[in-house]
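Visitor: Would you mind keeping the following structure in view while I ask a few things?
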Amino acid sequence: MASTAPIGVFDSGLGGISVAREIRRDMPNEHVLYFGDSANAPYGTKSPEQVRELSDAIVKRFVEQGVKAVVIACNTATSAAANELRDRYDIPIIGMEPALKVACDRGHGNRQRVIVAATPLTLRERKFAVLMDRFKADHTIFPEPCPGLVEIVEHGQLDDHDVVMRTLHQYFDQYDLSTIDAVVLGCTHFVFYRDYFRELLPDTAEIIDGNEGTVRHLGVVLESLGKLAPEDTEGDIKLANSDTSVRIAQLAQSLLLTLRECPDKARKVRGNPKKGRRERTGAYGQQNSDDRRRWRFPRDLRRGRDGPHDGRPRARRSLLRRLRRQRQYGFLYLRPARPQPHVLHTVRIPQGICQFRQLHQKPQLRQSRLCVRHAEQPRRRESGGL
Ligand code: DGL
């Protein structure tokens, strides 16, 4: 499959548009085919067999359309169907799960009280049970099925403040929200409710969704296969739906256009807090000749105020600012001295995904270099090395 082939993204209905929109923002060179199955929504109250059958039909169609990867922009369909789809189709299939890990990691070791809002099927499936098992000993987790929130989006009632708030109160009044550290939006439809959740929750409670992680994962997978679209491609999104009414088409279009931007997200260095700390305290390294062959600085980053860079946050931020301006994908490598497990830091920039891989550290070297790899120089898996 060519790197210029589209990415298929689907959901039970309109929720996955929140993911498609994020792909569009982060990977503007990619063509996205979005399919919403609104005629069969909701999936969350169906049986796993029904969801598997519906998902299979959609992926089959995507494969016929020649997609290079599929994103299941639906936690429910991922729980019920992702494994089978991966067995059946020979393209990358990226799924989603409630971002419980992100919520628990925020506590840096302190016990967190987290509500996971999702569909009944997501919370009933084995995938969620396994996820819960990883965290329930150290954290207090409240799974909360909220099927009504899917219906409101599909019925175009998202702007009806009273209806939305009444529904939210129905689900969440049972909790003492002042004691909750985070609410995980474990359904892509719920991402559209961010502002309403903000109104409902105290400022101390974080609202977390899995969209960012999913898009980052998509970028990493495509990159590793050398399948990121070339930088000179102008990407787009084509919306399709099993409900062919004008109402759904308009609703889909308006959700695509109006989804709130989260500009602050793009500045955050993701990854676990330990890695972040390591990087903040400074990482040092040196580029070797082997690297130089495979990686290169963009010409205007090689010298001048911003280069060569050291591992300090200021230099990194400055480099990122420049990458954003130049609309480049950047893969930044802090160069080695002492072997240690690869540490990957990913930073999203509005035009793409930026990754730092800290390979080694050598404190005595006061200068390190961040190598920027261009999207048109995809690293092939078989080249090994890094
Ligand atoms: N948006 C989907 C999810 O993320 C499913 C909603 C539904 O159809 O029930 O789980």
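Chain labels A, B, ... are given in the sequence in which chains occur in the structure tokens; within each chain residues are numbered consecutively from 1, and ligands are likewise numbered from 1 in the order shown.
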Give one line per residue of chain A that approaches ligand 1 to at most 7 Å, naming the two atoms of the closest pair and their distance in Å to one decimal, counting only C-alpha atoms and all ligand atoms; sort by chain then ascending residue number and deliver it as a tab-separated table.
Guide:
residue	atom	partner	partner_atom_place_in_ligand_line	distance
A:Asp11	CA	ligand 1	1 (N)	5.8
A:Ser12	CA	ligand 1	8 (O)	4.6
A:Gly13	CA	ligand 1	8 (O)	6.3
A:Gly15	CA	ligand 1	1 (N)	4.6
A:Gly16	CA	ligand 1	1 (N)	6.1
A:Ala41	CA	ligand 1	8 (O)	4.8
A:Pro42	CA	ligand 1	8 (O)	3.3
A:Tyr43	CA	ligand 1	8 (O)	3.7
A:Gly44	CA	ligand 1	9 (O)	3.3
A:Thr45	CA	ligand 1	9 (O)	6.2
A:Ala73	CA	ligand 1	4 (O)	6.4
A:Cys74	CA	ligand 1	4 (O)	3.5
A:Asn75	CA	ligand 1	10 (O)	3.9
A:Thr76	CA	ligand 1	10 (O)	3.9
A:Ala77	CA	ligand 1	10 (O)	6.7
A:Ala118	CA	ligand 1	10 (O)	6.3
A:Thr119	CA	ligand 1	9 (O)	5.5
A:Thr122	CA	ligand 1	10 (O)	6.5
A:Pro147	CA	ligand 1	9 (O)	6.3
A:Val150	CA	ligand 1	6 (C)	5.6
A:Gly186	CA	ligand 1	4 (O)	6.3
A:Cys187	CA	ligand 1	4 (O)	3.2
A:Thr188	CA	ligand 1	4 (O)	4.0
A:His189	CA	ligand 1	1 (N)	4.7
Visitor: Taking a cut-off of 10 Å and counting only C-alpha atoms, can you build a table that, for each residue of range 33-58 of chain A near range 224-240 of chain A, reports the nearest atom pair and how far apart they are in Å (one decimal), sorted by chain then residue number, as a tab-separated table?
Guide:
residue	atom	partner	partner_atom	distance
A:Leu33	CA	A:Lys238	CA	5.0
A:Tyr34	CA	A:Leu239	CA	4.8
A:Phe35	CA	A:Ala240	CA	4.8
A:Gly36	CA	A:Ala240	CA	6.4
A:Asp37	CA	A:Ala240	CA	8.7
Visitor: So which residues touch Arg61 in chain A within 10 Å, counting only C-alpha atoms, skipping near sequence neighbours fewer than 6 positions away, as a list in words?
Guide: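 Near neighbours after the sequence-gap exclusion: Gly8, Phe35, Ser55 and Val67 of chain A.
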Visitor: Next, write the just-selected residues to a file, as a PDB file, in the first residue's frame, keeping N, CA, C and O atoms as the atom set.
Guide:
ATOM      1  N   GLY A   8      -8.425   4.740   6.888  1.00  0.00           N
ATOM      2  CA  GLY A   8      -9.849   4.561   7.176  1.00  0.00           C
ATOM      3  C   GLY A   8     -10.110   4.737   8.663  1.00  0.00           C
ATOM      4  O   GLY A   8      -9.402   4.173   9.491  1.00  0.00           O
ATOM      5  N   PHE A  35     -15.919   6.827   8.232  1.00  0.00           N
ATOM      6  CA  PHE A  35     -17.223   6.183   8.090  1.00  0.00           C
ATOM      7  C   PHE A  35     -17.912   6.116   9.451  1.00  0.00           C
ATOM      8  O   PHE A  35     -17.386   5.537  10.407  1.00  0.00           O
ATOM      9  N   SER A  55     -18.546  -4.134  12.400  1.00  0.00           N
ATOM     10  CA  SER A  55     -17.183  -3.607  12.235  1.00  0.00           C
ATOM     11  C   SER A  55     -16.489  -4.297  11.065  1.00  0.00           C
ATOM     12  O   SER A  55     -15.781  -3.648  10.274  1.00  0.00           O
ATOM     13  N   VAL A  67      -7.278   1.401   1.747  1.00  0.00           N
ATOM     14  CA  VAL A  67      -6.685   2.162   2.855  1.00  0.00           C
ATOM     15  C   VAL A  67      -5.358   1.526   3.299  1.00  0.00           C
ATOM     16  O   VAL A  67      -5.162   0.321   3.136  1.00  0.00           O
TER      17      VAL A  67
END
Visitor: Give the answer as one residue: which of A:Ser242, A:Gln112, A:Gln250, A:Gln174 has the shortest atom-to-atom distance to Glu206 in chain A, using only C-alpha atoms?
Guide: A:Gln112
Visitor: Have a look at A:Pro48, A:Asp56, A:Gly213, A:Leu251 and name the one nearest to Asp87 in chain A; count only C-alpha atoms.
Guide: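 Of all the options, A:Asp56 lies closest to Asp87 in chain A.
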Visitor: Might you pull out every residue within 6 Å of Leu185 in chain A, with only C-alpha atoms counted and same-chain residues fewer than 4 positions away left off, and present them as a VMD selection string?
Guide: chain A and resid 117 190 208 to 209
Visitor: Calculate how many Å separate CA of Glu22 in chain A from CA of Arg198 in chain A, rounding to one decimal.
Guide: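 If I compute the distance from CA of Glu22 in chain A to CA of Arg198 in chain A, I get 20.1 Å.
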Visitor: Identify which of the residues A:Leu255, A:Ser79, A:Thr244, A:Val9 lies closest to Tyr193 in chain A, counting only C-alpha atoms when measuring atom-to-atom distances.
Guide: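 Using only C-alpha atoms, Tyr193 in chain A sits closest to A:Leu255.
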Visitor: Applying 10 Å and only C-alpha atoms, which residues near Phe135 in chain A remain after dropping the ones on its own chain fewer than 4 positions away? List them as a PyMOL selection string.
Guide: chain A and resi 100-101+104-105+111-112+130-131+139-141
Visitor: Which residue gives the smallest distance to Val183 in chain A among A:Ser47, A:Thr167, A:Thr78, A:Thr204, with only C-alpha atoms counted?
Guide: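 Residue with the minimum atom-to-atom distance to Val183 in chain A: A:Thr204.
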Visitor: Ser178 in chain A: which residues within 10 Å, counting only C-alpha atoms, same-chain residues fewer than 5 positions away excluded, as a PyMOL selection string?
Guide: chain A and resi 201-205
Visitor: Could those residues be written to a file, using N, CA and C atoms, as a PDB file, in the first residue's frame?
Guide:
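After the write, again_37.pdb holds the following:
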ATOM      1  N   LEU A 201     -17.815  19.429  36.766  1.00  0.00           N
ATOM      2  CA  LEU A 201     -16.770  18.967  37.688  1.00  0.00           C
ATOM      3  C   LEU A 201     -16.040  20.123  38.359  1.00  0.00           C
ATOM      4  N   PRO A 202     -15.520  19.881  39.547  1.00  0.00           N
ATOM      5  CA  PRO A 202     -14.658  20.915  40.153  1.00  0.00           C
ATOM      6  C   PRO A 202     -13.363  21.051  39.352  1.00  0.00           C
ATOM      7  N   ASP A 203     -12.716  22.203  39.488  1.00  0.00           N
ATOM      8  CA  ASP A 203     -11.487  22.457  38.710  1.00  0.00           C
ATOM      9  C   ASP A 203     -10.394  21.423  38.970  1.00  0.00           C
ATOM     10  N   THR A 204     -10.463  20.818  40.149  1.00  0.00           N
ATOM     11  CA  THR A 204      -9.410  19.870  40.510  1.00  0.00           C
ATOM     12  C   THR A 204      -9.496  18.564  39.725  1.00  0.00           C
ATOM     13  N   ALA A 205     -10.647  18.308  39.117  1.00  0.00           N
ATOM     14  CA  ALA A 205     -10.814  17.041  38.376  1.00  0.00           C
ATOM     15  C   ALA A 205     -10.406  17.236  36.920  1.00  0.00           C
TER      16      ALA A 205
END
Visitor: Can you list, as a list of chain:residue names, all residues belonging to range 32-65 of chain A that DSSP tags as alpha helix (DSSP H)?
Guide: A:Pro48, A:Glu49, A:Gln50, A:Val51, A:Arg52, A:Glu53, A:Leu54, A:Ser55, A:Asp56, A:Ala57, A:Ile58, A:Val59, A:Lys60, A:Arg61, A:Phe62, A:Val63, A:Glu64
Visitor: Write the residues of the preceding selection, restricted to N, CA and C atoms, as a PDB file, in the first residue's frame.
Guide:
ATOM      1  N   PRO A  48     -21.639  -8.249  21.578  1.00  0.00           N
ATOM      2  CA  PRO A  48     -20.324  -8.233  20.933  1.00  0.00           C
ATOM      3  C   PRO A  48     -20.366  -8.828  19.522  1.00  0.00           C
ATOM      4  N   GLU A  49     -21.185  -9.849  19.320  1.00  0.00           N
ATOM      5  CA  GLU A  49     -21.275 -10.484  17.990  1.00  0.00           C
ATOM      6  C   GLU A  49     -21.800  -9.492  16.966  1.00  0.00           C
ATOM      7  N   GLN A  50     -22.843  -8.749  17.353  1.00  0.00           N
ATOM      8  CA  GLN A  50     -23.403  -7.762  16.421  1.00  0.00           C
ATOM      9  C   GLN A  50     -22.350  -6.713  16.063  1.00  0.00           C
ATOM     10  N   VAL A  51     -21.628  -6.251  17.072  1.00  0.00           N
ATOM     11  CA  VAL A  51     -20.619  -5.201  16.835  1.00  0.00           C
ATOM     12  C   VAL A  51     -19.497  -5.744  15.957  1.00  0.00           C
ATOM     13  N   ARG A  52     -19.135  -6.999  16.176  1.00  0.00           N
ATOM     14  CA  ARG A  52     -18.072  -7.608  15.358  1.00  0.00           C
ATOM     15  C   ARG A  52     -18.506  -7.668  13.900  1.00  0.00           C
ATOM     16  N   GLU A  53     -19.734  -8.056  13.698  1.00  0.00           N
ATOM     17  CA  GLU A  53     -20.240  -8.186  12.328  1.00  0.00           C
ATOM     18  C   GLU A  53     -20.269  -6.813  11.630  1.00  0.00           C
ATOM     19  N   LEU A  54     -20.777  -5.827  12.335  1.00  0.00           N
ATOM     20  CA  LEU A  54     -20.855  -4.484  11.739  1.00  0.00           C
ATOM     21  C   LEU A  54     -19.453  -3.931  11.457  1.00  0.00           C
ATOM     22  N   SER A  55     -18.546  -4.134  12.400  1.00  0.00           N
ATOM     23  CA  SER A  55     -17.183  -3.607  12.235  1.00  0.00           C
ATOM     24  C   SER A  55     -16.489  -4.297  11.065  1.00  0.00           C
ATOM     25  N   ASP A  56     -16.710  -5.595  10.957  1.00  0.00           N
ATOM     26  CA  ASP A  56     -16.069  -6.344   9.873  1.00  0.00           C
ATOM     27  C   ASP A  56     -16.525  -5.824   8.510  1.00  0.00           C
ATOM     28  N   ALA A  57     -17.815  -5.544   8.397  1.00  0.00           N
ATOM     29  CA  ALA A  57     -18.330  -5.045   7.113  1.00  0.00           C
ATOM     30  C   ALA A  57     -17.674  -3.699   6.756  1.00  0.00           C
ATOM     31  N   ILE A  58     -17.459  -2.885   7.767  1.00  0.00           N
ATOM     32  CA  ILE A  58     -16.868  -1.559   7.504  1.00  0.00           C
ATOM     33  C   ILE A  58     -15.407  -1.704   7.081  1.00  0.00           C
ATOM     34  N   VAL A  59     -14.675  -2.540   7.806  1.00  0.00           N
ATOM     35  CA  VAL A  59     -13.248  -2.686   7.487  1.00  0.00           C
ATOM     36  C   VAL A  59     -13.081  -3.333   6.106  1.00  0.00           C
ATOM     37  N   LYS A  60     -13.969  -4.261   5.799  1.00  0.00           N
ATOM     38  CA  LYS A  60     -13.912  -4.903   4.481  1.00  0.00           C
ATOM     39  C   LYS A  60     -14.045  -3.828   3.393  1.00  0.00           C
ATOM     40  N   ARG A  61     -14.966  -2.920   3.614  1.00  0.00           N
ATOM     41  CA  ARG A  61     -15.163  -1.850   2.625  1.00  0.00           C
ATOM     42  C   ARG A  61     -13.936  -0.950   2.539  1.00  0.00           C
ATOM     43  N   PHE A  62     -13.364  -0.640   3.681  1.00  0.00           N
ATOM     44  CA  PHE A  62     -12.138   0.182   3.682  1.00  0.00           C
ATOM     45  C   PHE A  62     -11.027  -0.498   2.886  1.00  0.00           C
ATOM     46  N   VAL A  63     -10.890  -1.804   3.100  1.00  0.00           N
ATOM     47  CA  VAL A  63      -9.820  -2.542   2.406  1.00  0.00           C
ATOM     48  C   VAL A  63     -10.061  -2.477   0.898  1.00  0.00           C
ATOM     49  N   GLU A  64     -11.319  -2.602   0.513  1.00  0.00           N
ATOM     50  CA  GLU A  64     -11.633  -2.489  -0.927  1.00  0.00           C
ATOM     51  C   GLU A  64     -11.300  -1.103  -1.450  1.00  0.00           C
TER      52      GLU A  64
END
Visitor: Looking only at strand (DSSP E) from DSSP on the backbone, list the matching residues of range 26-196 of chain A as JSON, numbers by chain.
Guide: {"A": [31, 32, 33, 34, 35, 36, 69, 70, 71, 72, 93, 94, 113, 114, 115, 116, 117, 118, 140, 141, 142, 143, 144, 145, 182, 183, 184, 185]}
Visitor: Put those residues in a file: C-alpha atoms, as a tab-separated table (two decimals), in the first residue's frame.
Guide:
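Just written: out-v5.tsv:
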chain	number	residue	atom	x	y	z
A	31	HIS	CA	-6.10	11.50	3.47
A	32	VAL	CA	-8.77	10.29	5.85
A	33	LEU	CA	-11.88	8.33	4.91
A	34	TYR	CA	-14.31	8.57	7.79
A	35	PHE	CA	-17.22	6.18	8.09
A	36	GLY	CA	-19.90	6.66	10.74
A	69	ALA	CA	-4.44	1.55	7.92
A	70	VAL	CA	-7.68	1.54	9.88
A	71	VAL	CA	-8.41	3.44	13.06
A	72	ILE	CA	-11.26	2.05	15.11
A	93	ILE	CA	-5.60	-1.71	12.77
A	94	ILE	CA	-5.35	0.87	15.51
A	113	ARG	CA	-10.11	8.35	42.27
A	114	VAL	CA	-11.13	8.00	38.65
A	115	ILE	CA	-14.52	7.73	36.95
A	116	VAL	CA	-14.45	5.94	33.61
A	117	ALA	CA	-17.43	7.03	31.53
A	118	ALA	CA	-18.01	4.66	28.61
A	140	THR	CA	-10.14	3.71	43.07
A	141	ILE	CA	-11.93	3.31	39.78
A	142	PHE	CA	-15.63	3.86	39.13
A	143	PRO	CA	-16.84	2.50	35.78
A	144	GLU	CA	-19.93	4.47	34.73
A	145	PRO	CA	-21.97	3.39	31.69
A	182	ALA	CA	-10.19	12.55	36.92
A	183	VAL	CA	-12.97	11.55	34.58
A	184	VAL	CA	-11.92	9.41	31.65
A	185	LEU	CA	-14.01	9.89	28.53
Visitor: For a quick check of understanding, using only C-alpha atoms, which of A:Ala103, A:Ala249, A:Leu256, A:Asp138 has the smallest distance to Arg25 in chain A?
Guide: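 Among the listed residues, the smallest separation from Arg25 in chain A belongs to A:Leu256.
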